[in-house]
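The next block is upload_29.csv, given as CSV, C-alpha atoms.
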```
chain,number,residue,atom,x,y,z
U,1,MET,CA,27.0,8.1,-1.6
U,2,ALA,CA,24.2,10.0,-3.4
U,3,THR,CA,21.0,8.0,-3.5
U,4,LYS,CA,18.4,8.4,-6.1
U,5,VAL,CA,14.9,7.8,-4.7
U,6,GLU,CA,12.5,6.4,-7.3
U,7,TYR,CA,8.7,6.8,-7.0
U,8,GLY,CA,7.0,3.8,-8.5
U,9,GLY,CA,7.5,2.4,-11.9
U,10,PHE,CA,10.7,0.6,-12.6
U,11,GLY,CA,12.1,1.2,-9.1
U,12,LEU,CA,9.2,-0.5,-7.3
U,13,GLN,CA,9.0,-3.3,-9.8
U,14,THR,CA,12.7,-4.0,-9.4
U,15,ARG,CA,12.5,-4.0,-5.6
U,16,LEU,CA,9.4,-6.4,-5.7
U,17,GLN,CA,11.1,-8.8,-8.1
U,18,THR,CA,14.4,-8.7,-6.0
U,19,ASN,CA,12.5,-9.6,-2.9
U,20,LYS,CA,10.7,-12.5,-4.6
U,21,LEU,CA,13.9,-13.9,-5.9
U,22,TYR,CA,16.2,-13.3,-2.9
U,23,GLY,CA,14.1,-12.4,0.1
U,24,GLU,CA,13.9,-14.7,3.1
U,25,ARG,CA,10.2,-14.2,3.5
U,26,ASP,CA,7.4,-13.1,1.1
U,27,VAL,CA,6.6,-9.5,2.2
U,28,THR,CA,3.1,-9.5,0.8
U,29,SER,CA,2.1,-12.6,2.8
U,30,TRP,CA,3.5,-11.1,5.9
U,31,ILE,CA,1.6,-7.8,5.3
U,32,VAL,CA,-1.7,-9.6,4.6
U,33,GLU,CA,-1.3,-11.9,7.6
U,34,THR,CA,-0.5,-8.9,9.9
U,35,LEU,CA,-3.5,-6.8,8.7
U,36,ASN,CA,-5.7,-9.9,8.8
U,37,PRO,CA,-8.6,-8.7,6.6
U,38,LYS,CA,-12.0,-10.1,7.6
U,39,ARG,CA,-15.0,-10.9,5.5
U,40,ASN,CA,-17.2,-7.9,4.6
U,41,GLU,CA,-14.6,-5.3,5.7
U,42,ARG,CA,-13.8,-2.1,3.9
U,43,ILE,CA,-10.0,-1.7,3.4
U,44,LEU,CA,-8.0,1.3,2.0
U,45,ASP,CA,-4.6,0.7,0.7
U,46,VAL,CA,-2.7,4.0,0.5
U,47,GLY,CA,0.1,3.8,-2.0
U,48,CYS,CA,-1.2,0.6,-3.5
U,49,GLY,CA,1.5,0.5,-6.2
U,50,SER,CA,1.1,-2.4,-8.6
U,51,GLY,CA,-1.6,-4.0,-6.5
U,52,GLU,CA,0.5,-6.5,-4.5
U,53,GLN,CA,-1.7,-6.2,-1.4
U,54,VAL,CA,-5.1,-5.2,-2.8
U,55,VAL,CA,-5.7,-8.5,-4.5
U,56,PRO,CA,-5.2,-10.7,-1.4
U,57,TYR,CA,-7.2,-8.2,0.6
U,58,ALA,CA,-10.1,-8.5,-1.8
U,59,LYS,CA,-10.0,-12.2,-1.7
U,60,MET,CA,-10.2,-12.1,2.1
U,61,VAL,CA,-13.0,-9.6,2.4
U,62,GLY,CA,-15.1,-11.3,-0.2
U,63,SER,CA,-17.9,-10.0,-2.3
U,64,GLY,CA,-19.5,-8.3,0.7
U,65,GLY,CA,-16.4,-6.2,1.4
U,66,GLU,CA,-14.7,-3.4,-0.4
U,67,VAL,CA,-11.1,-2.8,-1.2
U,68,ILE,CA,-9.9,0.6,-2.5
U,69,GLY,CA,-6.3,1.3,-3.6
U,70,ILE,CA,-4.9,4.8,-4.2
U,71,ASP,CA,-1.7,5.7,-5.8
U,72,ILE,CA,-0.2,8.8,-7.5
U,73,SER,CA,1.6,6.8,-10.3
U,74,ASP,CA,-0.3,6.2,-13.5
U,75,ASP,CA,2.1,3.4,-14.5
U,76,LEU,CA,1.6,1.6,-11.2
U,77,LEU,CA,-2.2,2.0,-11.3
U,78,LYS,CA,-2.1,0.6,-14.8
U,79,ALA,CA,-0.2,-2.4,-13.6
U,80,ALA,CA,-2.5,-2.8,-10.6
U,81,LYS,CA,-5.6,-2.7,-12.9
U,82,GLN,CA,-4.1,-5.5,-15.0
U,83,TYR,CA,-3.2,-7.5,-11.9
U,84,VAL,CA,-6.7,-7.1,-10.4
U,85,LYS,CA,-8.4,-8.0,-13.7
U,86,SER,CA,-6.3,-11.2,-14.1
U,87,SER,CA,-7.1,-12.1,-10.5
U,88,GLY,CA,-10.8,-11.9,-11.0
U,89,VAL,CA,-11.4,-9.8,-7.8
U,90,LYS,CA,-13.2,-6.5,-7.4
U,91,VAL,CA,-11.0,-3.6,-6.3
U,92,ARG,CA,-11.5,0.1,-6.9
U,93,LEU,CA,-8.3,1.9,-7.9
U,94,ILE,CA,-8.1,5.7,-7.7
U,95,LYS,CA,-5.3,8.1,-8.7
U,96,HIS,CA,-4.7,10.3,-5.7
U,97,ASP,CA,-1.8,12.1,-4.1
U,98,ALA,CA,-1.7,11.0,-0.4
U,99,ASN,CA,-0.2,14.3,0.5
U,100,GLU,CA,-3.7,15.7,0.1
U,101,ARG,CA,-6.9,15.0,2.1
U,102,LEU,CA,-8.1,11.5,1.5
U,103,PRO,CA,-11.3,11.5,-0.7
U,104,PHE,CA,-13.4,9.4,1.6
U,105,LYS,CA,-16.0,10.2,4.3
U,106,ASP,CA,-15.3,9.9,8.0
U,107,GLY,CA,-15.4,6.5,9.6
U,108,TYR,CA,-15.7,4.6,6.3
U,109,PHE,CA,-13.0,2.0,6.5
U,110,ASP,CA,-12.4,-0.9,8.9
U,111,ALA,CA,-8.7,-0.9,8.1
U,112,VAL,CA,-6.0,1.2,6.4
U,113,SER,CA,-2.8,-0.2,4.9
U,114,CYS,CA,0.1,1.9,3.9
U,115,CYS,CA,3.1,-0.2,2.8
U,116,PHE,CA,6.4,1.4,1.8
U,117,THR,CA,4.7,4.7,1.1
U,118,ILE,CA,4.7,7.0,4.1
U,119,TYR,CA,8.3,8.0,3.7
U,120,HIS,CA,7.3,9.6,0.4
U,121,ILE,CA,4.8,11.8,2.1
U,122,SER,CA,5.8,15.4,2.9
U,123,ARG,CA,3.7,15.6,6.1
U,124,PRO,CA,3.4,12.0,7.5
U,125,ARG,CA,1.6,13.2,10.6
U,126,ASP,CA,-1.2,14.8,8.5
U,127,LEU,CA,-1.6,11.5,6.6
U,128,VAL,CA,-1.8,9.5,9.9
U,129,LEU,CA,-4.5,11.9,11.1
U,130,GLU,CA,-6.3,11.2,7.8
U,131,PHE,CA,-6.1,7.5,8.5
U,132,ARG,CA,-7.8,8.2,11.9
U,133,ARG,CA,-10.5,10.3,10.2
U,134,VAL,CA,-11.4,7.7,7.6
U,135,LEU,CA,-11.3,4.8,10.0
U,136,LYS,CA,-14.3,3.5,11.9
U,137,PRO,CA,-14.0,3.5,15.7
U,138,GLY,CA,-11.7,0.6,16.6
U,139,GLY,CA,-10.4,0.4,13.1
U,140,ARG,CA,-6.9,-0.9,12.3
U,141,VAL,CA,-3.9,0.8,10.7
U,142,PHE,CA,-0.9,-1.1,9.2
U,143,VAL,CA,2.1,1.0,8.2
U,144,THR,CA,5.5,-0.5,7.2
U,145,VAL,CA,8.7,1.1,6.0
U,146,PRO,CA,12.3,0.0,5.4
U,147,ASP,CA,14.5,0.0,8.4
U,148,PRO,CA,16.8,3.0,8.4
U,149,ALA,CA,19.7,0.7,9.4
U,150,ASN,CA,19.3,-1.3,6.2
U,151,ASN,CA,17.9,1.2,3.8
U,152,GLU,CA,21.3,2.2,2.2
U,153,GLU,CA,22.1,-1.4,1.7
U,154,LEU,CA,18.7,-2.1,0.2
U,155,VAL,CA,18.9,0.8,-2.2
U,156,TRP,CA,22.3,-0.4,-3.3
U,157,LEU,CA,20.9,-3.9,-3.9
U,158,HIS,CA,18.0,-2.7,-5.9
```

This structure in structure tokens:
Amino acid sequence: MATKVEYGGFGLQTRLQTNKLYGERDVTSWIVETLNPKRNERILDVGCGSGEQVVPYAKMVGSGGEVIGIDISDDLLKAAKQYVKSSGVKVRLIKHDANERLPFKDGYFDAVSCCFTIYHISRPRDLVLEFRRVLKPGGRVFVTVPDPANNEELVWLH
């Protein structure tokens, strides 16, 4: 079976909507609970897509914290900007290709989140090294991907 991989846009929105309608658990809640943002933290969301995680992160870090989302897709960043605006939180959204060096200084973030993105990266090891570079000592990284055992089934479903 030939599988077409879609980067952002309709493909992502379809997957998110399918999970909301038929998933056993809300993925965004699980991600946010697992990362567990704290007040006043700085959080980077790599591959932020339509903003599913940046809004709850921003609510948790509060006005003393900072949340930055990066994504390569103009369409997804546009959707994220609308979602952020309607949620009344402050999030900085930047167009950036995560295959390139992250545009942040060393040791800037308390946590880095990368959900359903790293498998689109040509050199994942280099990106993980970038996470390490931009994290403060003792910082946290949360990366999640589909399970290879269920990926074909999930692609078919979506």

Go through U:Glu33, U:Asp97, U:Asp26, U:Glu41 and flag the residue nearest Thr117 of chain U, using all atoms listed in the file for the distances.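 Ranked by minimum distance to Thr117 of chain U, first place goes to U:Asp97.
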
Identify the residues around (-7.9, -2.0, -3.6) within a radius of 6 Å, measuring from all atoms listed in the file in the coordinates stated by the file, and give them as number ranges by chain. U: 54, 67-69, 91-93

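Counting from atom CA of Tyr119 of chain U, the distance to atom CA of Glu100 of chain U is 14.7 Å.
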
If you count only C-alpha atoms, the residue of U:Phe109, U:Lys59, U:Phe116, U:Asp75 closest to Pro137 of chain U turns out to be U:Phe109

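Proximity ranking of U:Asn99, U:Ser73, U:Ser113, U:Ser87 relative to Pro56 of chain U places U:Ser87 first, based on only C-alpha atoms.
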
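Here the question is which of U:Cys48, U:Leu77, U:Ile43, U:Val112 gets nearest to Phe131 of chain U using all atoms listed in the file, and that residue is U:Val112.
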
Of U:Lys85, U:Pro124, U:Ile31, U:Lys38, the one nearest to Gln53 of chain U when counting all atoms listed in the file is U:Ile31

Give me, as a count of residues only, all polymer residues having an atom no more than 12 Å from Asp74 of chain U, counting all atoms listed in the file and skipping those fewer than 2 positions away in the same chain. 21

If I take atom CA of Arg39 of chain U and atom CA of Ala58 of chain U, how far is one from the other in Å, to one decimal? 9.1 Å

Non-local contacts of Trp30 of chain U (12 Å; all atoms listed in the file; under 3 positions in same chain excluded) as a ChimeraX atom specification: /U:24-27,33-36,52-53,56,115,142,144

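Taking atom CA of Tyr57 of chain U and atom CA of Ile118 of chain U as endpoints, the distance between them is 19.6 Å.
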
Find the residues around Val128 of chain U up to 10 Å (only C-alpha atoms counted), leave out those fewer than 5 positions away in its own chain, and share them as a ChimeraX atom specification. /U:112,114,118,123,133,141,143

How would the residues just picked look written out with C-alpha atoms as a short mmCIF file (atom, residue, chain, number, x, y, z; two decimals), keeping the file's coordinate frame?
```cif
data_model
loop_
_atom_site.label_atom_id
_atom_site.label_comp_id
_atom_site.auth_asym_id
_atom_site.auth_seq_id
_atom_site.Cartn_x
_atom_site.Cartn_y
_atom_site.Cartn_z
CA VAL U 112 -6.00 1.20 6.40
CA CYS U 114 0.10 1.90 3.90
CA ILE U 118 4.70 7.00 4.10
CA ARG U 123 3.70 15.60 6.10
CA ARG U 133 -10.50 10.30 10.20
CA VAL U 141 -3.90 0.80 10.70
CA VAL U 143 2.10 1.00 8.20
#
```

Proximity to Gly139 of chain U - best of U:Ala98, U:Gly64, U:Ser29, U:Gly107, all atoms listed in the file: U:Gly107
